[in-house]
Amino acid sequence: MPRIHGISHLLLDIEGTTCPVSFVSQTLFPYAAERLGTFLEQRAADPEVQRLLREAGAAWDDDQDPAARQLWSQLGGQASALAQPAAAIARYLQLLITQDRKLTALKDLQGLIWAAGYDHGELVAPLFADVVPALKRWHAKGVVLAVYSSGSVPAQQLLYGHTRDGDLRTLFQHWFDTRTGPKQVAASYAAIASSMGVSPGQVLFLSDSRSECEAAHGAGMAVLFSDRADNPHRDSGPFEKIGDYGDLQLEP
């Protein structure tokens with residue numbers, strides 16, 4: 001049973017850590033992908049959507065990935081991608097989805113689409129059985145809970161606001177996404193600790209990604225590797241594994 005001392009803050013990944021990978025890969029991503037083109041057409045006049053389209057267009061302009069350049073050629077692109085209609089940008093974003101690339105504008109657009117799905121009851125987040133009791137136990141002990149995910153902060157809050165166990169958002173005090181920085185870079189975790197007003201050594205990070213664990217460890221955080229049965233990557237390297245959060249004891 002892991003027992004970790006000196007921890008005041010717990011930083012949690014989502015996919016493969018508190019929520020099954022399959023919900024993200026087999027439910028959320030397809031849901032957004034199927035509706036992306038229609039959503040952009042219907043909401044093209046929305047200022048927030050326009051901003052995200054401009055961000056995506058700028059990313060496409062700079063994207064040297066062969067598939068992205070090929071798509072640009074197929075669409076007859078001669079001017080800037082920023083001038084392309086929403087339908088063309090949607091094709092580029094669909095490509096990023098198939099490549100599982102983490103463009104922030106795409107994540108924000110997915111979050112807007114998911115919001116409608118959650119509101120209509122079409123999406124409900126399944127958390128691992130041990131997660132909710134553990135979150136409530138840690139919260140009751142005064143541990144500050146935070147989220148760091150490649151999904152946008154609004155998408156994170158939608159997921160935790162619409163779980164099979166109800167709305168859990170009040171259990172968390174901090175939310176971080178890739179606007180803070182890449183999850184594989186130690187500086188991102190140092191920035192998170194600074195934002196929460198603590199030293200990295202007071203923070204425990206849980207993730208199913210070895211590279212993320214290495215980055216957090218490099219910043220000085222305590223780390224546990226989340227080992228769930230259906231996770232695609234289960235090599236924890238030098239990091240201790242945990243598969244049931246009921247076993248985790250945090251001591252001041």
# chains A, B, ... in the order shown; residues from 1 in each chain; ligands from 1
>>> closest_atom_pairs(of="segment 63-167 of chain A", to="segment 183-207 of chain A", cutoff="10 Å", atoms="only C-alpha atoms", output="CSV")
residue,atom,partner,partner_atom,distance
A:Val143,CA,A:Val203,CA,9.9
A:Val144,CA,A:Val203,CA,9.3
A:Leu145,CA,A:Val203,CA,9.8
A:Ala146,CA,A:Met196,CA,9.1
A:Val147,CA,A:Phe205,CA,9.5
A:Tyr148,CA,A:Lys183,CA,8.2
A:Ser149,CA,A:Lys183,CA,7.9
A:Ser150,CA,A:Lys183,CA,7.4
>>> select_by_dssp(residues="segment 118-203 of chain A", states="strand (DSSP E)", output="count of residues only")
9
>>> atom_distance(atom1="atom CA of Arg43 of chain A", atom2="atom CA of Ala59 of chain A")
20.3 Å
>>> residues_around(residues="segment 112-121 of chain A", least_positions_apart="4", cutoff="7 Å", atoms="only C-alpha atoms", output="PyMOL selection string")
chain A and resi 32+108+158+162
>>> select_by_dssp(residues="segment 112-215 of chain A", states="alpha helix (DSSP H)", output="ChimeraX atom specification")
/A:112-119,131-140,153-161,186-196,210-215
>>> atom_distance(atom1="atom CA of His5 of chain A", atom2="atom CA of Leu250 of chain A")
6.1 Å
>>> atom_distance(atom1="atom CA of Leu248 of chain A", atom2="atom CA of Lys136 of chain A")
12.8 Å
>>> closest_residue(among="A:Asp244, A:Glu214, A:Asp167, A:Glu34", to="Arg91 of chain A", atoms="only C-alpha atoms")
A:Glu34
>>> residues_around(residues="segment 228-241 of chain A", least_positions_apart="2", cutoff="10 Å", atoms="only C-alpha atoms", output="list in words")
Pro2, Glu15, Gly16, Thr17, Thr18, Cys19, Pro20, Val21, Ser22, Phe128, Leu206, Ser207, Asp208, Ser209, Arg210, Ser211, Cys213, Glu214, His217, Ala222, Val223, Leu224, Phe225, Ser226, Gly243 and Asp244 of chain A
>>> closest_residue(among="A:Ala134, A:Leu93, A:Gly151, A:Tyr245", to="Glu55 of chain A", atoms="only C-alpha atoms")
A:Leu93
>>> closest_residue(among="A:Ala216, A:Leu109, A:Ala125, A:Ala58", to="Arg35 of chain A", atoms="only C-alpha atoms")
A:Leu109
>>> closest_residue(among="A:Ile89, A:Val124, A:Leu171, A:Ala129", to="Thr27 of chain A", atoms="only C-alpha atoms")
A:Val124
>>> residues_around(residues="Arg137 of chain A", least_positions_apart="5", cutoff="10 Å", atoms="only C-alpha atoms", output="PyMOL selection string")
chain A and resi 131-132+142-143+246+249
>>> write_last_selection(atoms="N, CA and C atoms", output="short mmCIF file (atom, residue, chain, number, x, y, z; two decimals), in the first residue's frame")
data_model
loop_
_atom_site.label_atom_id
_atom_site.label_comp_id
_atom_site.auth_asym_id
_atom_site.auth_seq_id
_atom_site.Cartn_x
_atom_site.Cartn_y
_atom_site.Cartn_z
N VAL A 131 -12.22 5.51 -7.90
CA VAL A 131 -11.83 6.92 -8.01
C VAL A 131 -12.65 7.83 -7.11
N VAL A 132 -13.98 7.75 -7.21
CA VAL A 132 -14.81 8.70 -6.46
C VAL A 132 -14.63 8.57 -4.95
N GLY A 142 -8.23 17.28 3.42
CA GLY A 142 -7.64 18.59 3.15
C GLY A 142 -6.61 18.59 2.05
N VAL A 143 -6.47 17.47 1.33
CA VAL A 143 -5.56 17.44 0.19
C VAL A 143 -6.16 18.27 -0.94
N GLY A 246 -7.77 3.29 -3.67
CA GLY A 246 -8.12 3.00 -2.28
C GLY A 246 -6.91 2.61 -1.48
N GLN A 249 -2.34 6.14 0.53
CA GLN A 249 -2.44 6.91 1.78
C GLN A 249 -1.52 8.13 1.69
#
